[in-house]
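A.B. asks: Take a look at coords_4.tsv, TSV, C-alpha atoms and all ligand atoms:
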chain	number	residue	atom	x	y	z
A	1	MET	CA	-294.72	47.29	-136.79
A	2	ALA	CA	-293.59	50.81	-136.86
A	3	SER	CA	-295.39	53.20	-139.14
A	4	ASN	CA	-296.22	56.80	-139.41
A	5	ALA	CA	-299.92	56.12	-139.34
A	6	ARG	CA	-302.28	57.50	-136.79
A	7	VAL	CA	-305.65	56.36	-135.59
A	8	GLY	CA	-308.30	57.29	-138.15
A	9	GLU	CA	-305.90	57.30	-141.05
A	10	HIS	CA	-306.04	54.93	-143.94
A	11	VAL	CA	-303.60	52.14	-144.40
A	12	ASP	CA	-303.37	49.10	-146.61
A	13	ALA	CA	-304.32	46.11	-144.56
A	14	TYR	CA	-305.17	42.53	-145.20
A	15	CYS	CA	-308.81	41.89	-144.41
A	16	ARG	CA	-309.50	38.39	-143.17
A	17	ARG	CA	-313.12	38.63	-144.24
A	18	CYS	CA	-312.58	40.09	-147.70
A	19	LYS	CA	-309.41	38.02	-148.02
A	20	LEU	CA	-307.73	40.87	-149.80
A	21	VAL	CA	-305.35	43.70	-149.02
A	22	LEU	CA	-307.66	46.68	-148.90
A	23	ASP	CA	-307.98	50.19	-147.62
A	24	ALA	CA	-308.53	50.16	-143.89
A	25	THR	CA	-308.89	52.72	-141.16
A	26	VAL	CA	-306.48	52.48	-138.28
A	27	ALA	CA	-308.54	51.78	-135.20
A	28	ALA	CA	-305.94	51.34	-132.49
A	29	MET	CA	-302.26	51.89	-132.05
A	30	ILE	CA	-299.67	51.25	-129.38
A	31	ASP	CA	-296.80	53.66	-129.68
A	32	ASN	CA	-296.14	53.66	-133.41
A	33	ASP	CA	-297.56	50.25	-134.09
A	34	VAL	CA	-300.91	49.82	-135.74
A	35	ILE	CA	-302.71	47.26	-133.67
A	36	SER	CA	-306.13	47.06	-135.21
A	37	VAL	CA	-307.86	48.37	-138.26
A	38	VAL	CA	-311.37	48.57	-139.66
A	39	CYS	CA	-311.74	47.34	-143.21
A	40	ARG	CA	-313.31	50.06	-145.29
A	41	THR	CA	-314.87	47.54	-147.56
A	42	CYS	CA	-316.67	45.33	-145.10
A	43	GLY	CA	-316.38	47.26	-141.87
A	44	GLU	CA	-314.78	44.43	-139.93
A	45	ARG	CA	-312.51	45.46	-137.12
A	46	GLN	CA	-309.53	43.19	-136.85
A	47	ARG	CA	-305.89	42.87	-136.01
A	48	PHE	CA	-303.71	44.75	-138.42
A	49	LYS	CA	-301.96	42.64	-140.99
A	50	THR	CA	-300.20	43.93	-144.04
A	51	GLU	CA	-300.43	40.84	-146.12
A	52	ARG	CA	-302.29	37.64	-146.62
A	53	PRO	CA	-301.22	35.17	-143.96
A	54	LYS	CA	-299.54	32.05	-145.17
A	55	ALA	CA	-301.98	29.24	-145.23
A	56	SER	CA	-301.65	27.71	-141.85
A	57	PRO	CA	-301.90	23.99	-141.45
A	58	ARG	CA	-305.02	24.54	-139.47
A	59	GLN	CA	-306.75	26.16	-142.38
A	60	ARG	CA	-305.71	23.52	-144.83
A	61	ARG	CA	-306.45	20.57	-142.70
A	62	VAL	CA	-309.39	18.58	-143.82
A	63	VAL	CA	-311.14	17.30	-140.84
A	64	GLU	CA	-311.81	13.69	-141.37
A	65	VAL	CA	-314.31	12.35	-139.03
A	66	GLN	CA	-314.12	8.66	-139.02
A	67	PRO	CA	-316.79	6.94	-137.10
A	68	THR	CA	-315.29	4.46	-134.74
A	69	ARG	CA	-316.25	1.27	-136.37
A	70	LYS	CA	-316.80	-1.70	-134.22
A	71	PRO	CA	-317.01	-4.71	-136.48
A	72	ARG	CA	-319.73	-6.93	-135.31
A	73	LEU	CA	-318.25	-10.26	-134.53
A	74	ARG	CA	-320.37	-13.13	-135.41
A	75	SER	CA	-320.40	-15.30	-132.40
A	76	VAL	CA	-317.62	-17.66	-133.37
A	77	THR	CA	-316.63	-18.22	-129.81
A	78	PRO	CA	-319.12	-19.71	-127.45
A	79	ALA	CA	-321.03	-16.98	-125.72
A	80	ARG	CA	-320.46	-18.54	-122.35
A	81	GLN	CA	-316.71	-18.29	-122.53
A	82	PRO	CA	-315.69	-16.31	-119.49
A	83	ARG	CA	-313.94	-13.03	-120.20
A	84	SER	CA	-311.17	-13.77	-117.77
A	85	LEU	CA	-310.00	-16.76	-119.79
A	86	PRO	CA	-306.27	-16.42	-120.40
A	87	GLN	CA	-305.19	-15.79	-123.97
A	88	LEU	CA	-303.29	-19.04	-124.22
A	89	GLU	CA	-306.37	-21.06	-123.65
A	90	ALA	CA	-308.47	-18.91	-125.89
A	91	VAL	CA	-306.49	-20.07	-128.92
A	92	GLU	CA	-308.17	-23.40	-128.78
A	93	PRO	CA	-311.56	-22.89	-127.26
A	94	PRO	CA	-312.90	-25.93	-125.56
A	95	THR	CA	-315.49	-27.63	-127.65
A	96	PRO	CA	-318.50	-28.19	-125.51
A	97	LYS	CA	-320.15	-31.57	-125.30
A	98	ILE	CA	-317.89	-33.77	-127.35
A	99	SER	CA	-318.89	-37.33	-127.87
A	100	ALA	CA	-316.63	-40.15	-126.79
A	101	GLU	CA	-315.77	-40.79	-130.41
A	102	ASP	CA	-314.80	-37.20	-130.93
A	103	ALA	CA	-312.70	-37.31	-127.81
A	104	VAL	CA	-310.79	-40.28	-129.18
A	105	THR	CA	-310.35	-38.56	-132.52
A	106	ALA	CA	-309.20	-35.41	-130.79
A	107	ALA	CA	-306.75	-37.36	-128.69
A	108	VAL	CA	-305.44	-39.18	-131.74
A	109	SER	CA	-305.02	-36.02	-133.76
A	110	ALA	CA	-303.36	-34.34	-130.80
A	111	ARG	CA	-300.96	-37.27	-130.59
A	112	TRP	CA	-300.39	-37.04	-134.32
A	113	ARG	CA	-299.71	-33.33	-134.10
A	114	LYS	CA	-297.24	-33.87	-131.31
A	115	ALA	CA	-295.45	-36.59	-133.27
A	116	THR	CA	-295.25	-34.65	-136.50
A	117	ASP	CA	-294.91	-31.17	-135.09
A	118	GLY	CA	-292.20	-29.28	-136.89
A	119	VAL	CA	-291.33	-32.20	-139.11
A	120	HIS	CA	-291.35	-31.54	-142.81
A	121	SER	CA	-293.00	-34.22	-144.89
A	122	ARG	CA	-289.83	-34.65	-146.91
A	123	PHE	CA	-288.29	-36.31	-143.90
A	124	ALA	CA	-290.99	-38.93	-144.01
A	125	ARG	CA	-290.38	-42.07	-146.05
A	126	PRO	CA	-292.99	-42.79	-148.70
A	127	HIS	CA	-294.89	-45.90	-147.71
A	128	ARG	CA	-294.27	-49.06	-149.72
A	129	ARG	CA	-295.86	-52.29	-148.71
A	130	GLU	CA	-292.72	-54.30	-149.34
A	131	ASP	CA	-290.60	-52.09	-147.13
A	132	SER	CA	-289.84	-52.63	-143.51
A	133	TYR	CA	-290.38	-50.08	-140.82
A	134	CYS	CA	-289.58	-49.45	-137.24
A	135	GLU	CA	-291.68	-47.91	-134.51
A	136	GLY	CA	-291.64	-44.16	-134.36
A	137	GLU	CA	-290.65	-43.82	-137.99
A	138	LEU	CA	-292.32	-41.14	-140.05
A	139	ILE	CA	-293.90	-42.29	-143.25
A	140	LEU	CA	-295.77	-40.62	-146.04
A	141	HIS	CA	-298.91	-42.20	-147.44
A	142	LYS	CA	-300.65	-41.25	-150.65
A	143	ALA	CA	-304.11	-41.15	-149.13
A	144	HIS	CA	-303.47	-40.46	-145.46
A	145	GLY	CA	-300.57	-38.05	-145.60
A	146	MET	CA	-297.81	-38.07	-143.05
A	147	GLY	CA	-297.98	-40.59	-140.28
A	148	VAL	CA	-296.00	-42.12	-137.47
A	149	VAL	CA	-295.51	-45.86	-137.17
A	150	GLU	CA	-297.04	-46.73	-133.84
A	151	ALA	CA	-296.61	-50.46	-133.84
A	152	VAL	CA	-295.13	-53.05	-136.14
A	153	ASP	CA	-295.69	-56.74	-136.23
A	154	ARG	CA	-292.80	-58.79	-137.39
A	155	ALA	CA	-294.65	-59.79	-140.56
A	156	GLY	CA	-296.95	-56.82	-140.63
A	157	PRO	CA	-299.20	-55.02	-140.63
A	158	LEU	CA	-298.03	-51.62	-139.57
A	159	THR	CA	-300.17	-49.59	-137.29
A	160	VAL	CA	-299.70	-46.03	-138.33
A	161	LEU	CA	-300.96	-42.93	-136.65
A	162	PHE	CA	-302.28	-40.50	-139.22
A	163	ARG	CA	-304.06	-37.25	-138.69
A	164	SER	CA	-307.32	-38.99	-139.36
A	165	GLY	CA	-306.60	-41.78	-136.92
A	166	LEU	CA	-304.89	-45.11	-136.70
A	167	VAL	CA	-304.56	-47.03	-139.96
A	168	GLN	CA	-303.17	-50.46	-140.60
A	169	LEU	CA	-300.91	-50.71	-143.60
A	170	ASP	CA	-298.91	-53.43	-145.24
A	171	GLY	CA	-295.32	-53.54	-144.25
A	172	ARG	CA	-292.87	-55.50	-142.15
A	173	ALA	CA	-290.92	-54.73	-139.08
A	174	SER	CA	-287.45	-53.58	-139.74
A	175	ASN	CA	-284.92	-56.00	-138.23
A	176	ALA	CA	-282.93	-53.25	-136.65
A	177	ALA	CA	-285.88	-52.00	-134.68
A	178	THR	CA	-286.97	-55.36	-133.35
A	179	PRO	CA	-285.24	-56.34	-130.18
B	1	ZN	ZN	-312.98	43.67	-145.40
Go through the file and emit its structure as structure tokens.
C.D. replies:
Amino acid sequence: MASNARVGEHVDAYCRRCKLVLDATVAAMIDNDVISVVCRTCGERQRFKTERPKASPRQRRVVEVQPTRKPRLRSVTPARQPRSLPQLEAVEPPTPKISAEDAVTAAVSARWRKATDGVHSRFARPHRREDSYCEGELILHKAHGMGVVEAVDRAGPLTVLFRSGLVQLDGRASNAATP
């Protein structure tokens, strides 16, 4: 910044402490450039600036300190579950100590899931006791939901696999399905 000023002379300079353009004494120069000044109002020596600096992003930034929150997980998963357990298995954590009955139920519901997986209930035929059914057919029952016909006797009943387990329903074997 070229000027005709000399050290010791007065210039208008922006004071960072007073935050105003004020009278300042030139304190240092290089060639014809005023390098630093001393504010005559507050006495602060500082780099020479002619005008208020544009608000820099640093000045405007509001420092938001967010504590790193670690939500405390209630122990949903069994504490003994080894950390190295692969993700795939972690989806369905093994239930420890299941009774034989539970095992059967689990097996049945697994079988049911496999049989009905990806099948929309509208593809299942509503169950009617006077109808005939074949093995493997999907049916819809008012109380039990969707089920798969597991076995059919010629004159009934039907053995149907529902989510809740095997249920016997009225119904006949369809002629087509019986060899
Ligand atoms: Zn000042």
A.B. asks: Which chains and residue numbers are within 9 Å of ligand ZN 1 (chain B), counting all atoms listed in the file, if I want them as number ranges by chain?
C.D. replies: A: 14-24, 38-45
A.B. asks: If I put a ball of radius 8 Å at (-304.7, 41.6, -139.0) in the file's coordinates, which residues poke into it when counting all atoms listed in the file, written as a PyMOL selection string?
C.D. replies: chain A and resi 13-16+36-37+46-50
A.B. asks: Near Val119 of chain A, counting all atoms listed in the file, which residues have an atom at most 12 Å away, once you skip same-chain residues fewer than 3 positions from it, shown as an MDAnalysis selection string?
C.D. replies: chainID A and resid 112:116 122:124 137:140 146:148
A.B. asks: Which polymer residues have any atom within 8 Å of an atom of Val160 of chain A, counting all atoms listed in the file, with same-chain residues fewer than 6 positions away left out, as a list of chain:residue names?
C.D. replies: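 Residues meeting the cut-off are A:Gly147, A:Val148, A:Val149, A:Glu150, A:Ala151, A:Leu166, A:Val167, A:Gln168, A:Leu169.
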A.B. asks: Interatomic distance between atom CA of Val104 of chain A and atom CA of Asp170 of chain A?
C.D. replies: 23.9 Å
A.B. asks: So the first atom is atom CA of Ala5 of chain A and the second is atom CA of Arg52 of chain A; what is the distance between them in Å, to one decimal place?
C.D. replies: 20.0 Å
A.B. asks: When you look at Ala28 of chain A with a cut-off of 9 Å (counting only C-alpha atoms), what residues show up, excluding the ones that are within fewer than 6 positions of it in the same chain? I need them as number ranges by chain.
C.D. replies: A: 6-8, 34-37
A.B. asks: Selected residues, C-alpha atoms, written as a compact mmCIF listing (two decimals), in the frame of the given file, please.
C.D. replies:
# COMPACT_ATOMS: atom_id res chain seq x y z
CA ARG A 6 -302.28 57.50 -136.79
CA VAL A 7 -305.65 56.36 -135.59
CA GLY A 8 -308.30 57.29 -138.15
CA VAL A 34 -300.91 49.82 -135.74
CA ILE A 35 -302.71 47.26 -133.67
CA SER A 36 -306.13 47.06 -135.21
CA VAL A 37 -307.86 48.37 -138.26
A.B. asks: Could you tell me which of A:Ser174, A:Lys97, A:Asp117, A:Arg154 comes closest to Asp131 of chain A if we count only C-alpha atoms?
C.D. replies: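 Of the candidates, the smallest distance to Asp131 of chain A is held by A:Ser174.
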A.B. asks: Just to confirm, what's the straight-line distance from atom CA of Lys142 of chain A to atom CA of Gly171 of chain A in Å (one decimal)?
C.D. replies: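 Between atom CA of Lys142 of chain A and atom CA of Gly171 of chain A the gap is 14.8 Å.
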A.B. asks: When you count only C-alpha atoms, which of these residues is closest to Ser164 of chain A: A:His120, A:His10, A:Arg111, A:Lys54?
C.D. replies: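 Result for the nearest residue to Ser164 of chain A: A:Arg111.
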A.B. asks: If we count all atoms listed in the file and set the cut-off at 9 Å, which residues sit around Thr105 of chain A, ignoring sequence neighbours fewer than 4 positions away in its own chain? Please answer as number ranges by chain.
C.D. replies: A: 100-101, 109-110, 163-165
A.B. asks: Those same residues, written as a compact mmCIF listing (two decimals), keeping the file's coordinate frame with C-alpha atoms?
C.D. replies:
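Wrote it out as part-v3.txt, contents follow:
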# COMPACT_ATOMS: atom_id res chain seq x y z
CA ALA A 100 -316.63 -40.15 -126.79
CA GLU A 101 -315.77 -40.79 -130.41
CA SER A 109 -305.02 -36.02 -133.76
CA ALA A 110 -303.36 -34.34 -130.80
CA ARG A 163 -304.06 -37.25 -138.69
CA SER A 164 -307.32 -38.99 -139.36
CA GLY A 165 -306.60 -41.78 -136.92
A.B. asks: Keeping N, CA and C atoms (and nothing else), can you write segment 155-171 of chain A of this structure as an mmCIF file, in the first residue's frame?
C.D. replies:
data_model
loop_
_atom_site.group_PDB
_atom_site.id
_atom_site.type_symbol
_atom_site.label_atom_id
_atom_site.label_comp_id
_atom_site.auth_asym_id
_atom_site.auth_seq_id
_atom_site.Cartn_x
_atom_site.Cartn_y
_atom_site.Cartn_z
ATOM 1 N N ALA A 155 -60.939 -87.767 2.212
ATOM 2 C CA ALA A 155 -62.201 -87.204 2.691
ATOM 3 C C ALA A 155 -61.967 -86.164 3.786
ATOM 4 N N GLY A 156 -60.771 -85.716 3.895
ATOM 5 C CA GLY A 156 -60.432 -84.741 4.925
ATOM 6 C C GLY A 156 -59.917 -85.424 6.171
ATOM 7 N N PRO A 157 -59.419 -84.768 7.167
ATOM 8 C CA PRO A 157 -59.259 -83.306 7.125
ATOM 9 C C PRO A 157 -57.982 -82.876 6.404
ATOM 10 N N LEU A 158 -57.841 -81.583 6.318
ATOM 11 C CA LEU A 158 -56.599 -81.024 5.790
ATOM 12 C C LEU A 158 -55.648 -80.797 6.945
ATOM 13 N N THR A 159 -54.412 -81.051 6.719
ATOM 14 C CA THR A 159 -53.417 -80.640 7.693
ATOM 15 C C THR A 159 -52.693 -79.440 7.097
ATOM 16 N N VAL A 160 -52.877 -78.325 7.782
ATOM 17 C CA VAL A 160 -52.349 -77.083 7.225
ATOM 18 C C VAL A 160 -51.291 -76.488 8.144
ATOM 19 N N LEU A 161 -50.227 -76.099 7.520
ATOM 20 C CA LEU A 161 -49.145 -75.460 8.275
ATOM 21 C C LEU A 161 -49.393 -73.960 8.321
ATOM 22 N N PHE A 162 -49.682 -73.489 9.535
ATOM 23 C CA PHE A 162 -49.834 -72.051 9.743
ATOM 24 C C PHE A 162 -48.642 -71.548 10.522
ATOM 25 N N ARG A 163 -48.563 -70.268 10.647
ATOM 26 C CA ARG A 163 -47.461 -69.676 11.401
ATOM 27 C C ARG A 163 -47.444 -70.222 12.827
ATOM 28 N N SER A 164 -48.628 -70.401 13.358
ATOM 29 C CA SER A 164 -48.721 -70.843 14.744
ATOM 30 C C SER A 164 -48.496 -72.341 14.897
ATOM 31 N N GLY A 165 -48.494 -73.060 13.804
ATOM 32 C CA GLY A 165 -48.288 -74.492 13.896
ATOM 33 C C GLY A 165 -49.211 -75.230 12.937
ATOM 34 N N LEU A 166 -49.241 -76.533 13.118
ATOM 35 C CA LEU A 166 -50.078 -77.352 12.247
ATOM 36 C C LEU A 166 -51.513 -77.367 12.766
ATOM 37 N N VAL A 167 -52.462 -77.171 11.862
ATOM 38 C CA VAL A 167 -53.867 -77.145 12.231
ATOM 39 C C VAL A 167 -54.616 -78.052 11.264
ATOM 40 N N GLN A 168 -55.580 -78.767 11.836
ATOM 41 C CA GLN A 168 -56.400 -79.618 10.967
ATOM 42 C C GLN A 168 -57.696 -78.896 10.664
ATOM 43 N N LEU A 169 -58.015 -78.819 9.400
ATOM 44 C CA LEU A 169 -59.206 -78.111 8.963
ATOM 45 C C LEU A 169 -60.068 -79.049 8.119
ATOM 46 N N ASP A 170 -61.338 -78.672 8.062
ATOM 47 C CA ASP A 170 -62.234 -79.420 7.172
ATOM 48 C C ASP A 170 -61.843 -79.140 5.728
ATOM 49 N N GLY A 171 -62.083 -80.149 4.928
ATOM 50 C CA GLY A 171 -61.756 -79.976 3.510
ATOM 51 C C GLY A 171 -61.416 -81.316 2.913
#
